[in-house]
file data-v7.txt (compact mmCIF, C-alpha atoms)
# COMPACT_ATOMS: atom_id res chain seq x y z
CA MET P 1 57.89 28.33 30.40
CA ASN P 2 54.30 29.41 29.76
CA LEU P 3 53.18 32.19 32.09
CA ALA P 4 49.50 32.78 32.87
CA THR P 5 47.41 34.44 30.17
CA VAL P 6 46.42 38.06 30.88
CA VAL P 7 42.66 38.71 30.57
CA ILE P 8 41.43 42.30 30.11
CA ASP P 9 37.72 43.06 29.72
CA ASN P 10 37.25 46.74 28.87
CA GLY P 11 33.63 47.72 29.53
CA THR P 12 31.86 51.02 29.04
CA GLY P 13 31.90 51.76 32.75
CA TYR P 14 34.54 49.48 34.24
CA THR P 15 37.56 47.46 33.20
CA LYS P 16 38.16 44.01 34.69
CA MET P 17 41.69 42.63 34.45
CA GLY P 18 43.70 39.80 35.89
CA TYR P 19 45.21 36.40 35.10
CA ALA P 20 43.58 33.33 33.57
CA GLY P 21 42.83 30.54 36.01
CA ASN P 22 41.51 32.86 38.72
CA MET P 23 37.88 33.09 39.81
CA GLU P 24 37.80 36.89 39.92
CA PRO P 25 39.74 39.69 38.23
CA SER P 26 42.66 41.18 40.14
CA TYR P 27 41.50 44.73 39.42
CA LEU P 28 38.17 46.42 38.77
CA ILE P 29 38.62 50.07 37.79
CA PRO P 30 36.64 52.70 35.86
CA THR P 31 37.44 52.80 32.14
CA ALA P 32 38.55 56.42 32.37
CA ILE P 33 41.75 58.40 31.86
CA ALA P 34 42.91 61.75 33.25
CA ASP P 35 45.32 63.62 30.97
CA SER P 36 47.52 66.56 31.92
CA ARG P 37 46.16 69.98 30.96
CA GLN P 38 49.72 71.13 30.21
CA LYS P 39 50.66 70.90 26.54
CA GLY P 40 54.42 71.40 26.91
CA ALA P 41 57.06 70.17 29.32
CA THR P 42 56.68 71.87 32.69
CA LYS P 43 59.37 72.70 35.21
CA VAL P 44 59.02 71.00 38.58
CA SER P 45 59.56 73.51 41.45
CA ASN P 46 62.96 75.25 41.24
CA GLN P 47 64.89 72.22 40.11
CA THR P 48 66.09 71.59 36.58
CA GLU P 49 63.82 68.54 36.36
CA PHE P 50 61.01 68.67 33.81
CA LYS P 51 57.76 66.70 33.78
CA ASN P 52 56.62 65.26 30.46
CA PRO P 53 52.83 65.72 30.07
CA GLU P 54 52.75 62.62 27.84
CA LEU P 55 53.56 60.57 30.95
CA ASP P 56 51.45 62.68 33.29
CA PHE P 57 48.19 60.75 33.19
CA TYR P 58 46.13 58.50 35.45
CA ILE P 59 43.58 55.75 34.88
CA GLY P 60 40.68 54.26 36.80
CA ASP P 61 39.91 55.60 40.27
CA GLU P 62 43.16 57.58 40.22
CA ALA P 63 41.86 59.48 37.20
CA TYR P 64 38.87 60.79 39.16
CA ALA P 65 41.08 61.54 42.16
CA HIS P 66 43.08 63.97 39.95
CA GLN P 67 40.17 65.61 38.15
CA LYS P 68 40.98 69.03 39.69
CA THR P 69 44.31 69.17 37.87
CA HIS P 70 43.66 66.87 34.90
CA ASP P 71 41.04 66.45 32.20
CA VAL P 72 39.06 63.25 32.84
CA LYS P 73 37.25 61.42 30.07
CA THR P 74 35.78 58.00 29.44
CA ILE P 75 37.29 55.94 26.62
CA ILE P 76 34.45 53.61 25.62
CA ARG P 77 30.88 54.52 24.72
CA SER P 78 28.18 51.88 24.24
CA GLY P 79 30.87 49.21 24.11
CA GLN P 80 32.91 50.85 21.34
CA ILE P 81 36.38 52.37 21.78
CA GLU P 82 36.14 56.07 20.92
CA ASP P 83 39.74 57.21 21.47
CA TRP P 84 42.43 54.75 20.41
CA GLU P 85 45.32 56.88 21.66
CA ALA P 86 43.74 57.07 25.12
CA MET P 87 43.00 53.33 25.00
CA GLU P 88 46.64 52.56 24.26
CA LYS P 89 47.76 54.70 27.21
CA PHE P 90 45.17 53.00 29.41
CA TRP P 91 46.47 49.54 28.44
CA HIS P 92 50.06 50.68 29.02
CA ARG P 93 49.35 51.78 32.57
CA ALA P 94 47.19 48.71 33.23
CA ILE P 95 49.87 46.28 32.06
CA TYR P 96 52.94 47.85 33.63
CA SER P 97 51.58 49.54 36.78
CA TYR P 98 48.63 47.36 37.77
CA LEU P 99 49.33 43.85 36.48
CA ARG P 100 53.11 44.43 36.60
CA CYS P 101 53.91 41.97 33.86
CA GLU P 102 56.22 41.85 30.86
CA PRO P 103 53.78 41.61 27.92
CA GLU P 104 56.26 39.84 25.63
CA GLU P 105 56.15 36.87 28.04
CA HIS P 106 52.35 36.52 28.19
CA ARG P 107 49.45 35.70 25.91
CA PHE P 108 46.59 38.19 26.13
CA ILE P 109 42.81 37.94 25.88
CA LEU P 110 40.93 41.15 25.08
CA THR P 111 37.16 41.38 24.74
CA GLU P 112 34.97 43.09 22.16
CA PRO P 113 31.26 43.81 21.62
CA PRO P 114 29.53 41.48 19.12
CA MET P 115 29.09 44.16 16.47
CA ASN P 116 32.73 45.24 16.53
CA THR P 117 34.20 45.86 13.08
CA PRO P 118 37.09 43.83 11.61
CA GLU P 119 39.03 47.09 11.31
CA ASN P 120 38.74 47.63 15.07
CA ARG P 121 40.08 44.13 15.68
CA GLU P 122 43.04 44.88 13.47
CA GLN P 123 43.66 48.11 15.38
CA MET P 124 43.68 46.18 18.66
CA ALA P 125 46.10 43.66 17.17
CA GLU P 126 48.46 46.37 15.92
CA ILE P 127 48.63 48.02 19.33
CA MET P 128 49.13 44.76 21.20
CA PHE P 129 51.75 43.27 18.90
CA GLU P 130 53.61 46.39 17.77
CA THR P 131 53.47 48.54 20.91
CA PHE P 132 53.53 45.86 23.60
CA ASN P 133 55.07 42.97 21.63
CA VAL P 134 52.74 40.45 23.30
CA LYS P 135 53.44 36.73 22.97
CA GLY P 136 49.95 36.02 21.63
CA LEU P 137 46.51 37.61 21.31
CA PHE P 138 42.93 36.38 21.32
CA ILE P 139 40.02 38.81 20.92
CA GLY P 140 36.90 37.23 22.43
CA VAL P 141 33.32 38.29 21.76
CA GLN P 142 31.80 39.27 25.11
CA ALA P 143 28.55 37.36 24.61
CA THR P 144 30.36 34.16 23.66
CA LEU P 145 32.68 34.41 26.66
CA ALA P 146 29.67 34.92 28.97
CA LEU P 147 28.13 31.70 27.61
CA TYR P 148 31.47 29.95 28.00
CA ALA P 149 31.59 31.09 31.63
CA GLN P 150 28.12 29.69 32.28
CA LEU P 151 29.02 26.34 30.71
CA CYS P 152 32.40 26.01 32.43
CA GLY P 153 31.76 27.90 35.67
CA PRO P 154 32.08 26.56 39.23
CA GLU P 155 28.44 25.38 39.22
CA SER P 156 28.74 23.55 35.90
CA THR P 157 28.59 19.77 35.66
CA ASN P 158 29.85 19.70 32.07
CA LYS P 159 33.03 17.68 31.78
CA SER P 160 33.58 18.62 28.14
CA ILE P 161 31.89 21.09 25.84
CA SER P 162 31.90 21.72 22.12
CA GLN P 163 31.05 24.53 19.73
CA ALA P 164 27.44 23.28 19.55
CA ASP P 165 27.01 23.81 23.30
CA LEU P 166 27.61 27.55 22.95
CA SER P 167 24.00 28.39 22.15
CA GLY P 168 21.79 30.69 24.15
CA THR P 169 20.67 34.27 24.66
CA VAL P 170 23.01 36.53 26.61
CA ILE P 171 21.61 39.59 28.39
CA ASP P 172 24.58 41.77 29.24
CA SER P 173 23.81 44.85 31.32
CA GLY P 174 26.64 46.82 32.84
CA ASP P 175 27.06 50.45 33.76
CA GLY P 176 26.59 52.11 30.39
CA VAL P 177 24.56 49.91 28.08
CA THR P 178 22.35 46.79 27.92
CA HIS P 179 22.54 44.32 25.04
CA VAL P 180 20.63 41.18 24.10
CA PHE P 181 22.75 38.72 22.11
CA PRO P 182 21.34 35.53 20.54
CA VAL P 183 24.24 33.09 20.11
CA SER P 184 24.07 29.88 18.06
CA ASP P 185 26.93 27.36 17.99
CA GLY P 186 29.36 29.96 19.31
CA PHE P 187 28.45 32.66 16.78
CA VAL P 188 26.44 35.77 17.54
CA ILE P 189 23.41 36.16 15.25
CA GLY P 190 24.33 39.71 14.32
CA SER P 191 21.06 40.76 12.71
CA CYS P 192 19.15 39.86 15.88
CA VAL P 193 21.26 41.74 18.43
CA ARG P 194 19.22 44.28 20.38
CA HIS P 195 20.60 47.43 22.00
CA ILE P 196 18.84 49.05 24.97
CA PRO P 197 19.96 52.59 25.91
CA LEU P 198 19.35 51.98 29.61
CA ALA P 199 21.69 50.41 32.17
CA GLY P 200 23.20 50.73 35.65
CA ARG P 201 24.21 54.38 35.36
CA ASP P 202 20.64 55.35 34.48
CA ILE P 203 19.30 53.46 37.51
CA THR P 204 21.83 55.22 39.76
CA LYS P 205 20.80 58.67 38.49
CA PHE P 206 17.11 57.78 38.82
CA ILE P 207 17.58 56.66 42.42
CA LEU P 208 19.50 59.85 43.22
CA GLN P 209 16.74 62.02 41.78
CA HIS P 210 14.06 60.07 43.62
CA LEU P 211 15.91 60.40 46.95
CA ARG P 212 16.17 64.15 46.45
CA ASP P 213 12.51 64.42 45.45
CA ARG P 214 11.60 62.77 48.77
CA GLY P 215 13.58 65.47 50.57
CA GLU P 216 16.65 63.44 51.54
CA LYS P 217 19.68 65.67 52.10
CA ILE P 218 22.50 64.27 50.00
CA PRO P 219 25.93 65.95 49.77
CA SER P 220 26.59 66.89 46.14
CA ASP P 221 30.21 65.67 46.23
CA ASP P 222 29.16 62.13 47.18
CA ALA P 223 25.75 62.07 45.49
CA LEU P 224 26.38 59.49 42.77
CA ASP P 225 28.45 57.31 45.10
CA ILE P 226 25.62 57.29 47.66
CA ALA P 227 23.00 56.47 45.02
CA GLN P 228 25.14 53.63 43.68
CA LYS P 229 25.65 52.15 47.15
CA VAL P 230 21.89 52.35 47.80
CA LYS P 231 21.22 50.63 44.47
CA GLU P 232 23.68 47.80 45.07
CA ARG P 233 22.84 47.22 48.73
CA TYR P 234 19.06 47.59 48.80
CA GLY P 235 17.76 47.28 45.23
CA TYR P 236 15.47 44.42 44.23
CA VAL P 237 12.88 43.52 41.59
CA CYS P 238 9.28 43.27 42.80
CA LYS P 239 6.44 41.14 41.43
CA ASP P 240 3.87 43.95 41.23
CA VAL P 241 4.59 47.69 41.50
CA VAL P 242 1.17 48.68 42.90
CA LYS P 243 1.25 46.00 45.61
CA GLU P 244 4.83 46.95 46.48
CA TYR P 245 3.79 50.58 46.97
CA GLN P 246 1.08 49.37 49.34
CA LYS P 247 3.64 47.44 51.39
CA PHE P 248 5.74 50.58 51.82
CA ASP P 249 2.71 52.74 52.66
CA LYS P 250 1.45 50.33 55.31
CA LYS P 251 2.04 51.82 58.77
CA THR P 252 1.78 50.19 62.20
CA VAL P 253 1.22 51.51 65.72
CA ASP P 254 3.60 50.37 68.47
CA GLU P 255 2.75 49.75 72.14
CA SER P 256 3.27 53.40 73.04
CA GLY P 257 0.83 54.52 70.37
CA ARG P 258 3.43 55.92 68.00
CA VAL P 259 2.94 55.41 64.27
CA GLN P 260 5.79 53.42 62.70
CA GLN P 261 6.63 53.35 59.02
CA SER P 262 6.86 50.09 57.11
CA ASN P 263 9.87 47.88 57.77
CA LYS P 264 10.44 48.02 54.02
CA PHE P 265 12.22 51.34 54.60
CA LYS P 266 15.93 51.02 55.33
CA LYS P 267 18.54 53.32 56.88
CA TYR P 268 21.76 53.93 55.00
CA THR P 269 24.69 55.71 56.64
CA HIS P 270 27.37 57.14 54.38
CA LYS P 271 30.76 58.46 55.49
CA SER P 272 32.44 60.91 53.13
CA ALA P 273 35.93 59.88 52.09
CA VAL P 274 36.85 63.57 51.71
CA THR P 275 35.37 65.32 54.76
CA GLY P 276 34.73 62.35 57.04
CA GLU P 277 31.20 63.58 57.70
CA THR P 278 28.39 61.02 57.98
CA THR P 279 25.03 61.24 56.23
CA GLU P 280 21.99 59.16 57.23
CA ILE P 281 19.41 58.48 54.54
CA ASP P 282 16.00 56.80 54.57
CA VAL P 283 15.82 54.41 51.63
CA GLY P 284 12.29 53.73 50.45
CA TYR P 285 10.43 53.26 47.17
CA GLU P 286 13.61 53.65 45.13
CA ARG P 287 14.59 50.16 46.30
CA PHE P 288 12.25 48.63 43.72
CA LEU P 289 11.56 51.60 41.42
CA GLY P 290 15.17 51.74 40.18
CA PRO P 291 15.38 48.13 38.93
CA GLU P 292 11.79 48.41 37.65
CA MET P 293 13.33 50.44 34.80
CA PHE P 294 13.97 47.16 32.96
CA PHE P 295 10.25 46.37 32.88
CA HIS P 296 8.86 49.93 32.74
CA PRO P 297 11.55 51.94 30.92
CA GLU P 298 9.18 54.89 30.56
CA PHE P 299 10.00 55.68 34.21
CA ILE P 300 13.35 57.00 32.98
CA HIS P 301 13.27 57.28 29.20
CA GLN P 302 10.09 58.73 27.68
CA ASP P 303 11.14 57.66 24.17
CA TRP P 304 11.82 54.03 25.12
CA ARG P 305 8.77 52.03 26.14
CA SER P 306 9.66 48.42 25.29
CA PRO P 307 10.28 46.30 28.43
CA LEU P 308 13.23 43.95 28.56
CA ASP P 309 11.12 40.79 28.24
CA GLU P 310 9.63 42.13 24.99
CA ILE P 311 13.10 42.95 23.63
CA VAL P 312 14.41 39.46 24.47
CA ASP P 313 11.36 37.78 22.94
CA ASN P 314 11.70 39.92 19.81
CA ALA P 315 15.40 39.09 19.45
CA ILE P 316 14.74 35.35 19.69
CA GLN P 317 11.75 35.47 17.34
CA SER P 318 13.96 37.26 14.79
CA SER P 319 16.47 34.40 14.91
CA PRO P 320 16.36 31.35 12.59
CA ILE P 321 13.45 29.13 13.58
CA ASP P 322 15.62 26.07 14.25
CA THR P 323 17.64 27.97 16.88
CA ARG P 324 14.78 29.49 18.90
CA ARG P 325 14.13 26.64 21.33
CA LYS P 326 17.76 26.65 22.54
CA LEU P 327 17.73 30.44 22.76
CA TYR P 328 14.67 30.38 25.05
CA GLU P 329 15.93 27.49 27.15
CA ASN P 330 19.33 29.03 27.88
CA ILE P 331 19.04 32.73 28.71
CA VAL P 332 22.23 33.80 30.48
CA LEU P 333 22.59 36.95 32.60
CA SER P 334 25.84 38.89 32.60
CA GLY P 335 26.95 42.16 34.17
CA GLY P 336 26.43 43.96 37.46
CA SER P 337 23.03 45.39 36.55
CA THR P 338 21.50 41.89 36.36
CA LEU P 339 22.31 41.07 39.99
CA PHE P 340 19.15 42.47 41.58
CA THR P 341 17.26 40.00 43.77
CA ASP P 342 14.46 38.26 41.81
CA PHE P 343 15.53 39.85 38.52
CA ASP P 344 15.84 36.39 36.95
CA ASN P 345 12.47 35.18 38.28
CA ARG P 346 10.54 38.22 37.03
CA LEU P 347 12.20 38.09 33.62
CA LYS P 348 11.58 34.35 33.26
CA LYS P 349 7.92 34.74 34.24
CA GLN P 350 7.23 37.53 31.75
CA ILE P 351 9.05 35.88 28.84
CA GLN P 352 7.27 32.58 29.58
CA GLU P 353 3.91 34.38 29.47
CA ARG P 354 4.72 35.77 26.02
CA VAL P 355 5.77 32.32 24.76
CA ASP P 356 2.66 30.64 26.20
CA ASP P 357 0.34 33.27 24.71
CA ARG P 358 1.88 32.71 21.29
CA PHE P 359 1.43 28.93 21.63
CA LYS P 360 -2.24 29.37 22.59
CA GLN P 361 -2.85 31.53 19.53
CA TYR P 362 -1.14 28.94 17.33
CA GLN P 363 -3.25 26.15 18.82
CA GLN P 364 -6.48 28.11 18.28
CA LEU P 365 -5.59 28.80 14.65
CA THR P 366 -4.34 25.34 13.68
CA GLY P 367 -5.91 22.98 16.20
CA GLN P 368 -2.46 21.51 16.84
CA ALA P 369 -0.60 21.54 20.17
CA PRO P 370 3.12 22.20 19.64
CA LYS P 371 5.73 20.93 22.06
CA PRO P 372 5.95 23.51 24.87
CA ILE P 373 9.06 25.60 25.47
CA ASN P 374 10.30 26.00 29.03
CA VAL P 375 12.02 29.36 29.37
CA ASN P 376 15.11 29.23 31.57
CA VAL P 377 16.96 32.29 32.88
CA SER P 378 20.29 31.41 34.49
CA GLN P 379 22.02 33.17 37.35
CA ASN P 380 25.43 32.01 38.52
CA MET P 381 28.25 32.77 40.94
CA VAL P 382 30.35 34.61 38.35
CA GLN P 383 27.53 36.71 36.90
CA ARG P 384 29.09 40.09 37.76
CA TYR P 385 32.32 39.18 35.97
CA ALA P 386 30.89 36.62 33.53
CA VAL P 387 32.72 37.93 30.47
CA TRP P 388 36.04 38.18 32.29
CA PHE P 389 35.60 34.76 33.90
CA GLY P 390 34.83 33.23 30.51
CA GLY P 391 38.16 34.60 29.32
CA SER P 392 39.84 33.28 32.46
CA VAL P 393 38.57 29.74 31.85
CA LEU P 394 39.37 29.88 28.15
CA GLY P 395 42.87 31.27 28.74
CA SER P 396 43.72 28.43 31.13
CA SER P 397 42.32 25.66 28.90
CA ASP P 398 44.58 23.13 27.18
CA HIS P 399 43.41 24.14 23.70
CA PHE P 400 43.93 27.90 24.14
CA PRO P 401 47.45 27.98 22.57
CA LYS P 402 45.90 26.46 19.42
CA ILE P 403 43.40 29.31 18.96
CA CYS P 404 45.55 32.20 20.21
CA HIS P 405 47.25 34.22 17.46
CA SER P 406 51.01 34.13 18.02
CA ARG P 407 53.51 36.93 17.55
CA GLU P 408 55.18 34.90 14.79
CA ASP P 409 51.89 34.58 12.88
CA TYR P 410 51.31 38.31 13.20
CA MET P 411 54.77 39.16 11.87
CA GLU P 412 54.25 36.81 8.93
CA ARG P 413 50.64 37.60 7.98
CA GLY P 414 49.78 40.94 9.57
CA PRO P 415 46.84 42.14 11.70
CA SER P 416 44.20 40.50 9.49
CA ILE P 417 44.78 37.20 11.33
CA CYS P 418 42.88 38.67 14.30
CA ARG P 419 39.69 39.16 12.30
CA HIS P 420 38.61 35.63 13.25
CA ASN P 421 38.80 34.29 16.81
CA PRO P 422 36.95 30.95 17.21
CA VAL P 423 36.61 29.67 20.76
CA PHE P 424 37.48 26.14 19.65
CA PRO P 425 40.14 24.99 17.17
CA ALA P 426 39.04 23.38 13.91
CA GLY P 427 37.87 19.81 14.43
CA PHE P 428 37.54 20.22 18.20

call {"tool": "encode", "arguments": {"input": "data-v7.txt", "output": "structure tokens"}}
result
Amino acid sequence: MNLATVVIDNGTGYTKMGYAGNMEPSYLIPTAIADSRQKGATKVSNQTEFKNPELDFYIGDEAYAHQKTHDVKTIIRSGQIEDWEAMEKFWHRAIYSYLRCEPEEHRFILTEPPMNTPENREQMAEIMFETFNVKGLFIGVQATLALYAQLCGPESTNKSISQADLSGTVIDSGDGVTHVFPVSDGFVIGSCVRHIPLAGRDITKFILQHLRDRGEKIPSDDALDIAQKVKERYGYVCKDVVKEYQKFDKKTVDESGRVQQSNKFKKYTHKSAVTGETTEIDVGYERFLGPEMFFHPEFIHQDWRSPLDEIVDNAIQSSPIDTRRKLYENIVLSGGSTLFTDFDNRLKKQIQERVDDRFKQYQQLTGQAPKPINVNVSQNMVQRYAVWFGGSVLGSSDHFPKICHSREDYMERGPSICRHNPVFPAGF
């Protein structure tokens, strides 16, 4: 009997995990671990029972709930696993306490950043096969899985796809990092990957600082949580920053003669999970200034002045010339920080302007009119969990057992078999 494949997408900020065939992950938790501060076995009260600090750890939201008695740390930075021992403990708790499955009975899909090293893949394979004795393992490149999700998602009309269909530019922006990945025929063009040191966490901190600068009273214990809720609930991308400021500054006078502020301002009420106290906040300019970071990064990072549309255009122009048209015509958004209203429209408009300007220059120089390129930026229903959903669709496909590395293959050939993980079997 073949049980459902387990899909685990470990991101810098959050881990998504669940079973293949589902639309959404079963769990979404911070990629963090809280370890005991005690180095030796400790006696529990007056009993003869002892608590082993090796087992005294928590992951996800529980890790932050125990930060007064435990040391909390994140495990992944900029997409790369920094602490393998902590990662193994995280997987252990995720598999046995959250997913509650027997790993030897399931195939597993793990995800990796495009520039991950072969040695890191082997390390993942060793942990999965030797510690957890999994039935099979597939390590999917996040950008490729995001494209796969877009091609096979609930809005897709494709009845069958091939390796050649997996071409496009993936913009993946989560909590900790933003990447631009050109993908051609299922393979990431490694030399053209672009890394942007700005993402959701930076927007959250910027919004928090802006709220405080406006004089809003925000409890320090809930500060980041409040800023994140404001970002997710009220954030949007505007067409023009100056005009948007004018909309917020426009005041009206009601029938009683009182001056009313613009209806662009919103009220947010937050209830503390710890004290139960409520805080009411006026949400204003930060609604559009936070997401504007993608197009004016100098708002947050003085050393980074290249807007996202320029980075995407540069990545595609660095790619082989015969791949560029497909890369422009299939730009796929992935990750929670790409969900802002009108983010796709603004990005499409600004990339299209760059492409059109280049075509005009070419026409002026040569007198020839090349075939125009229509830039397309895709949003979809599974955008927040695009990488995980791509793994979910792949893990439930008929051909997945053919590409998944089995326990028997690992025992015979070793961890090097996991260096290569094609999405389609040979000759598909």

call {"tool": "residues_around", "arguments": {"input": "data-v7.txt", "residues": "Thr31 of chain P", "least_positions_apart": "2", "cutoff": "10 Å", "atoms": "all atoms listed in the file", "output": "MDAnalysis selection string"}}
result
chainID P and resid 10:16 28:29 33 59:61 63 73:76 87 90

call {"tool": "residues_near_point", "arguments": {"input": "data-v7.txt", "point": "(26.7, 32.3, 17.9)", "cutoff": "12 Å", "atoms": "only C-alpha atoms", "output": "PyMOL selection string"}}
result
chain P and resi 114+141-148+163-170+181-193+319-320+323+326-327+422-423

call {"tool": "atom_distance", "arguments": {"input": "data-v7.txt", "atom1": "atom CA of Lys348 of chain P", "atom2": "atom CA of Gly336 of chain P"}}
result
18.2 Å

call {"tool": "atom_distance", "arguments": {"input": "data-v7.txt", "atom1": "atom CA of Gly79 of chain P", "atom2": "atom CA of Leu289 of chain P"}}
result
26.0 Å

call {"tool": "residues_around", "arguments": {"input": "data-v7.txt", "residues": "Phe400 of chain P", "least_positions_apart": "6", "cutoff": "10 Å", "atoms": "only C-alpha atoms", "output": "CSV table (one decimal) with C-alpha atoms, in the coordinates of the input"}}
result
chain,number,residue,atom,x,y,z
P,5,THR,CA,47.4,34.4,30.2
P,107,ARG,CA,49.4,35.7,25.9
P,138,PHE,CA,42.9,36.4,21.3
P,393,VAL,CA,38.6,29.7,31.8
P,394,LEU,CA,39.4,29.9,28.2
P,423,VAL,CA,36.6,29.7,20.8
P,424,PHE,CA,37.5,26.1,19.6
P,425,PRO,CA,40.1,25.0,17.2

call {"tool": "atom_distance", "arguments": {"input": "data-v7.txt", "atom1": "atom CA of Val134 of chain P", "atom2": "atom CA of Pro103 of chain P"}}
result
4.9 Å

call {"tool": "residues_around", "arguments": {"input": "data-v7.txt", "residues": "Ser272 of chain P", "least_positions_apart": "3", "cutoff": "9 Å", "atoms": "all atoms listed in the file", "output": "ChimeraX atom specification"}}
result
/P:219,221-222,275-279

call {"tool": "closest_residue", "arguments": {"input": "data-v7.txt", "among": "P:Ile109, P:Met124, P:Gln260, P:Arg305", "to": "Leu137 of chain P", "atoms": "all atoms listed in the file"}}
result
P:Ile109

call {"tool": "closest_residue", "arguments": {"input": "data-v7.txt", "among": "P:Ser220, P:Ser318, P:Asn22, P:Ser337", "to": "His179 of chain P", "atoms": "all atoms listed in the file"}}
result
P:Ser337

call {"tool": "closest_residue", "arguments": {"input": "data-v7.txt", "among": "P:Asn374, P:Asn2, P:Val242, P:Gly174", "to": "Gly136 of chain P", "atoms": "all atoms listed in the file"}}
result
P:Asn2

call {"tool": "closest_residue", "arguments": {"input": "data-v7.txt", "among": "P:Cys152, P:Gln363, P:Trp84, P:Ala32", "to": "His70 of chain P", "atoms": "all atoms listed in the file"}}
result
P:Ala32

call {"tool": "closest_residue", "arguments": {"input": "data-v7.txt", "among": "P:Pro118, P:Pro197, P:Pro30, P:Gly21", "to": "Ser306 of chain P", "atoms": "all atoms listed in the file"}}
result
P:Pro197

call {"tool": "closest_residue", "arguments": {"input": "data-v7.txt", "among": "P:Asp71, P:Asp344, P:Glu298, P:Asp303", "to": "Lys239 of chain P", "atoms": "only C-alpha atoms"}}
result
P:Asp344

call {"tool": "residues_near_point", "arguments": {"input": "data-v7.txt", "point": "(22.6, 53.9, 56.8)", "cutoff": "7 Å", "atoms": "all atoms listed in the file", "output": "JSON list (two decimals) with C-alpha atoms, in the frame of the given file"}}
result
[["chain", "number", "residue", "atom", "x", "y", "z"],
["P", 267, "LYS", "CA", 18.54, 53.32, 56.88],
["P", 268, "TYR", "CA", 21.76, 53.93, 55.00],
["P", 269, "THR", "CA", 24.69, 55.71, 56.64],
["P", 270, "HIS", "CA", 27.37, 57.14, 54.38],
["P", 280, "GLU", "CA", 21.99, 59.16, 57.23],
["P", 281, "ILE", "CA", 19.41, 58.48, 54.54]]

call {"tool": "residues_around", "arguments": {"input": "data-v7.txt", "residues": "Pro370 of chain P", "least_positions_apart": "4", "cutoff": "10 Å", "atoms": "only C-alpha atoms", "output": "PyMOL selection string"}}
result
chain P and resi 359-360+362-363

call {"tool": "decode", "arguments": {"input": "data-v7.txt", "residues": "segment 24-38 of chain P", "atoms": "N, CA and C atoms", "output": "PDB file, in the first residue's frame"}}
result
ATOM      1  N   GLU P  24      -3.506  22.800   0.369  1.00  0.00           N
ATOM      2  CA  GLU P  24      -2.725  23.633   1.277  1.00  0.00           C
ATOM      3  C   GLU P  24      -1.967  22.754   2.259  1.00  0.00           C
ATOM      4  N   PRO P  25      -0.858  23.261   2.791  1.00  0.00           N
ATOM      5  CA  PRO P  25      -0.118  22.485   3.792  1.00  0.00           C
ATOM      6  C   PRO P  25      -0.927  22.321   5.069  1.00  0.00           C
ATOM      7  N   SER P  26      -0.675  21.240   5.777  1.00  0.00           N
ATOM      8  CA  SER P  26      -1.377  20.993   7.040  1.00  0.00           C
ATOM      9  C   SER P  26      -0.888  21.916   8.136  1.00  0.00           C
ATOM     10  N   TYR P  27       0.396  22.284   8.067  1.00  0.00           N
ATOM     11  CA  TYR P  27       0.986  23.132   9.103  1.00  0.00           C
ATOM     12  C   TYR P  27       1.844  24.220   8.468  1.00  0.00           C
ATOM     13  N   LEU P  28       1.776  25.396   9.062  1.00  0.00           N
ATOM     14  CA  LEU P  28       2.632  26.526   8.695  1.00  0.00           C
ATOM     15  C   LEU P  28       3.219  27.059   9.995  1.00  0.00           C
ATOM     16  N   ILE P  29       4.511  26.825  10.225  1.00  0.00           N
ATOM     17  CA  ILE P  29       5.133  27.208  11.489  1.00  0.00           C
ATOM     18  C   ILE P  29       6.467  27.902  11.226  1.00  0.00           C
ATOM     19  N   PRO P  30       6.908  28.770  12.139  1.00  0.00           N
ATOM     20  CA  PRO P  30       8.223  29.399  11.978  1.00  0.00           C
ATOM     21  C   PRO P  30       9.338  28.359  11.951  1.00  0.00           C
ATOM     22  N   THR P  31      10.335  28.587  11.102  1.00  0.00           N
ATOM     23  CA  THR P  31      11.488  27.680  11.040  1.00  0.00           C
ATOM     24  C   THR P  31      12.459  28.068  12.151  1.00  0.00           C
ATOM     25  N   ALA P  32      12.057  27.745  13.371  1.00  0.00           N
ATOM     26  CA  ALA P  32      12.846  28.107  14.550  1.00  0.00           C
ATOM     27  C   ALA P  32      12.817  26.963  15.548  1.00  0.00           C
ATOM     28  N   ILE P  33      13.830  26.912  16.399  1.00  0.00           N
ATOM     29  CA  ILE P  33      13.930  25.872  17.415  1.00  0.00           C
ATOM     30  C   ILE P  33      14.356  26.501  18.733  1.00  0.00           C
ATOM     31  N   ALA P  34      13.779  26.012  19.827  1.00  0.00           N
ATOM     32  CA  ALA P  34      14.139  26.473  21.173  1.00  0.00           C
ATOM     33  C   ALA P  34      14.778  25.315  21.922  1.00  0.00           C
ATOM     34  N   ASP P  35      16.059  25.448  22.236  1.00  0.00           N
ATOM     35  CA  ASP P  35      16.802  24.399  22.936  1.00  0.00           C
ATOM     36  C   ASP P  35      16.900  24.709  24.419  1.00  0.00           C
ATOM     37  N   SER P  36      16.964  23.650  25.217  1.00  0.00           N
ATOM     38  CA  SER P  36      17.120  23.812  26.661  1.00  0.00           C
ATOM     39  C   SER P  36      18.445  24.489  26.986  1.00  0.00           C
ATOM     40  N   ARG P  37      18.425  25.363  28.007  1.00  0.00           N
ATOM     41  CA  ARG P  37      19.660  26.013  28.444  1.00  0.00           C
ATOM     42  C   ARG P  37      20.460  25.117  29.381  1.00  0.00           C
ATOM     43  N   GLN P  38      19.840  24.018  29.830  1.00  0.00           N
ATOM     44  CA  GLN P  38      20.536  23.088  30.720  1.00  0.00           C
ATOM     45  C   GLN P  38      21.411  22.149  29.908  1.00  0.00           C
TER      46      GLN P  38
END
